[in-house]
Amino acid sequence: RKIIFEKQWFYLDNAIGHIYGTTFEVTSGGNLQPKQEVEETTTETKEAGTDNRNIVDDGRSQKLTHDDIKALKDKGIKGQEIVQQLIENSTTFRDKTEFAQDKYIKKKKKKYEAVIAIVKPSTRILSTMYYAREPGKINHLRYDTLAQMLTLGNIRAGNKMIVMETCAGLVLGAVMERMGGKGYGSIIQMYPGAGPVRAATSCFGFPKCFFDNLHEFPLSKVDSLLSGTFSTETLPSEPEDNAQVGEESNGLTDEKQISLQDTEEESTTETAMEINQTDEQETMDLNAEDVEFKENKEKENKENVREKQRKQWERRKKLIEAAALLREKNADGLIVASKFHPTPLLLSLLEFVAPSRPFVVYCQYKEPLLECYTKLRERGGVINLKLSETWLRNYQVLPDRSHPKLTMSGGGGYLLSGITVVLDKGKSDSGDLEALKMEEPSSKRCKVQDLHC
């Protein structure tokens with residue numbers, strides 16, 4: 001199929017069989033051709049100006065018009081030659097500094113040279129791409145913040161992780177990549193709504209074995225699982241409902257057809273004298289076709305019902321497996337990165353995490369995480385609570401011109417991290433306060449009494 005990328009279209013057929021990182025040149029028909037490395041012939045001496053103060057960008061420096069460039073493209077002239085002609089027809093190129101000339105050539109090459117490189121997908125590439133192009137889909141999760149999440153969450157092979165995210169599957173894919181393939185731990189994805197979204201996860205190109213240990217569980221069933229009232233019978237049986245609706249609708253249509261046939265019979269009896277023999281033959285043929293059509297439709301409906309029931313049975317089986325894993329309450333970590341308020345999510349999902357395990361919560365804004373921090377302090381059962389924000393600035397690194405880039409990211413979101421401990425639910429808050437008072441050193445107690453006096 002035709003791929004459109006950066007205003008360039010091409011077909012990927014010729015790329016099959018080449019290693020990742022190969023650079024291709026797009027030919028006239030949209031086909032890819034491996035680019036041969038050509039050594040750049042250095043000219044004798046570059047003519048360059050001392051500064052750019054006298055150069056005025058009035059749009060008249062380039063002699064070639066848009067139509068001229070289009071004509072060159074139609075003739076099949078390569079991008080490198082077009083760039084060379086643009087340089088020769090520019091009146092201000094020689095007056096620019098050497099750095100400005102390099103920048104000009106680089107800009108024109110990017111525009112006119114149809115060269116692409118195919119790289120292996122990774123967390124770094126995909127997170128950078130999503131943040132640059134569609135940050136709203138990943139809740140403005142910046143790539144350095146994602147790296148902090150994977151580190152603070154102690155993601156490694158052999159873990160049993162719970163992931164709750166609404167970032168198009170990017171966080172889930174990053175966790176899967178770091179944990180490795182089949183047999184290296186398990187992941188339980190919590191999802192809101194009808195089903196999990198894994199658009200970004202599919203872009204990683206994982207083999208099928210990676211998905212064997214990936215389970216999914218709906219958020220709407222978490223409370224029932226914690227209270228012990230969870231059962232698969234309470235699940236919405238969409239396929240059966242649809243099948244019933246289909247059967248009912250078939251029944252209605254059958255009744256309508258019967259009534260229509262009755263009316264046709266009545267009308268034929270009333271006007272029997274006016275209908276000739278040919279008309280009767282045509283109606284008989286039509287009735288025979290209707291019967292065949294009905295039989296075929298009934299067969300198709302039965303097959304669809306069976307297929308839907310099979311899919312529903314598979315879905316229930318997967319759900320039972322995920323529920324069994326959660327009931328063990330021994331998860332090795334929890335990652336939350338969603339558009340919902342983190343407090344109720346975290347308080348309920350922490351019940352499934354074993355003691356002395358890390359958890360990380362991402363939010364685009366800090367106010368919900370501050371509330372979550374306070375609630376966790378009141379509840380207890382966690383230590384080393386930390387609310388952090390990473391600061392990122394890109395640098396241009398080139399000979400004699402390395403400097404921070406003028407444009408930088410305003411914010412990459414906030415992280416709340418901590419470690420779970422055993423929560424002693426027997427003690428009340430007042431009992432804890434009294435115990436703390438008793439444990440205070442005598443010198444502190446004396447000071448407090450003196451202050452009260």
# chains A, B, ... in the order shown; residues from 1 in each chain; ligands from 1
$ residues_around --residues "Tyr143 in chain A" --least-positions-apart "5" --cutoff "8 Å" --atoms "only C-alpha atoms" --output "PyMOL selection string"
chain A and resi 124+127-128+131
$ write_last_selection --atoms "C-alpha atoms" --output "JSON list (two decimals), in the first residue's frame"
[["chain", "number", "residue", "atom", "x", "y", "z"],
["A", 124, "ARG", "CA", 12.54, 6.29, 22.66],
["A", 127, "SER", "CA", 7.60, 8.45, 22.64],
["A", 128, "THR", "CA", 9.52, 11.24, 20.89],
["A", 131, "TYR", "CA", 5.13, 13.89, 21.98]]
$ select_by_dssp --residues "range 294-385 of chain A" --states "strand (DSSP E)" --output "NGL selection string"
:A and (333-337 or 358-363 or 382-385)
$ residues_around --residues "range 196-204 of chain A" --least-positions-apart "3" --cutoff "6 Å" --atoms "only C-alpha atoms" --output "MDAnalysis selection string"
chainID A and resid 121 168:170 173 191
$ write_last_selection --atoms "C-alpha atoms" --output "compact mmCIF listing (two decimals), in the first residue's frame"
# COMPACT_ATOMS: atom_id res chain seq x y z
CA PRO A 121 10.83 0.90 16.53
CA ALA A 168 -2.81 4.91 23.51
CA GLY A 169 -0.77 1.92 24.73
CA LEU A 170 2.61 3.71 24.76
CA GLY A 173 4.52 -1.04 25.11
CA TYR A 191 -8.78 -0.53 31.20
$ closest_atom_pairs --of "range 354-421 of chain A" --to "range 340-348 of chain A" --cutoff "8 Å" --atoms "only C-alpha atoms" --output "JSON lines"
{"residue": "A:Val361", "atom": "CA", "partner": "A:Pro342", "partner_atom": "CA", "distance": 7.3}
{"residue": "A:Cys363", "atom": "CA", "partner": "A:Pro342", "partner_atom": "CA", "distance": 7.7}
{"residue": "A:Pro368", "atom": "CA", "partner": "A:His341", "partner_atom": "CA", "distance": 6.5}
{"residue": "A:Leu369", "atom": "CA", "partner": "A:Pro342", "partner_atom": "CA", "distance": 7.0}
{"residue": "A:Glu371", "atom": "CA", "partner": "A:Thr343", "partner_atom": "CA", "distance": 7.3}
{"residue": "A:Cys372", "atom": "CA", "partner": "A:Thr343", "partner_atom": "CA", "distance": 4.8}
{"residue": "A:Lys375", "atom": "CA", "partner": "A:Thr343", "partner_atom": "CA", "distance": 7.5}
{"residue": "A:Leu376", "atom": "CA", "partner": "A:Leu347", "partner_atom": "CA", "distance": 7.8}
$ closest_residue --among "A:Cys209, A:Leu214, A:Ala100, A:Ile105" --to "Gln85 in chain A" --atoms "only C-alpha atoms"
A:Ile105
$ closest_residue --among "A:Tyr104, A:Tyr373, A:Tyr365, A:Tyr414" --to "Ser388 in chain A" --atoms "only C-alpha atoms"
A:Tyr414
$ select_by_dssp --residues "range 66-252 of chain A" --states "alpha helix (DSSP H)" --output "MDAnalysis selection string"
chainID A and resid 66:74 79:88 98:112 123:133 143:152 170:179 199:203 222:227 238:252
$ atom_distance --atom1 "CA of Val83 in chain A" --atom2 "CA of Leu398 in chain A"
22.5 Å
$ closest_atom_pairs --of "range 140-223 of chain A" --to "range 415-423 of chain A" --cutoff "8 Å" --atoms "only C-alpha atoms" --output "JSON lines"
{"residue": "A:Thr145", "atom": "CA", "partner": "A:Leu415", "partner_atom": "CA", "distance": 7.9}
{"residue": "A:Met149", "atom": "CA", "partner": "A:Leu415", "partner_atom": "CA", "distance": 7.6}
{"residue": "A:Leu152", "atom": "CA", "partner": "A:Ser417", "partner_atom": "CA", "distance": 7.0}
$ residues_around --residues "Lys221 in chain A" --least-positions-apart "3" --cutoff "12 Å" --atoms "only C-alpha atoms" --output "VMD selection string"
chain A and resid 190 to 193 216 to 218 224 to 232 234 to 236 319 to 320 322 to 323 326 348 to 349
$ residues_around --residues "Phe206 in chain A" --least-positions-apart "6" --cutoff "12 Å" --atoms "only C-alpha atoms" --output "list of chain:residue names"
A:Lys120, A:Pro121, A:Ser122, A:Leu172, A:Gly173, A:Ala174, A:Met176, A:Glu177, A:Arg178, A:Gly180, A:Gly181, A:Lys182, A:Ala200, A:Asp212
$ closest_atom_pairs --of "range 114-171 of chain A" --to "range 25-39 of chain A" --cutoff "8 Å" --atoms "only C-alpha atoms" --output "CSV"
residue,atom,partner,partner_atom,distance
A:Ala114,CA,A:Val26,CA,5.4
A:Val115,CA,A:Glu25,CA,4.6
A:Ile116,CA,A:Glu25,CA,6.4
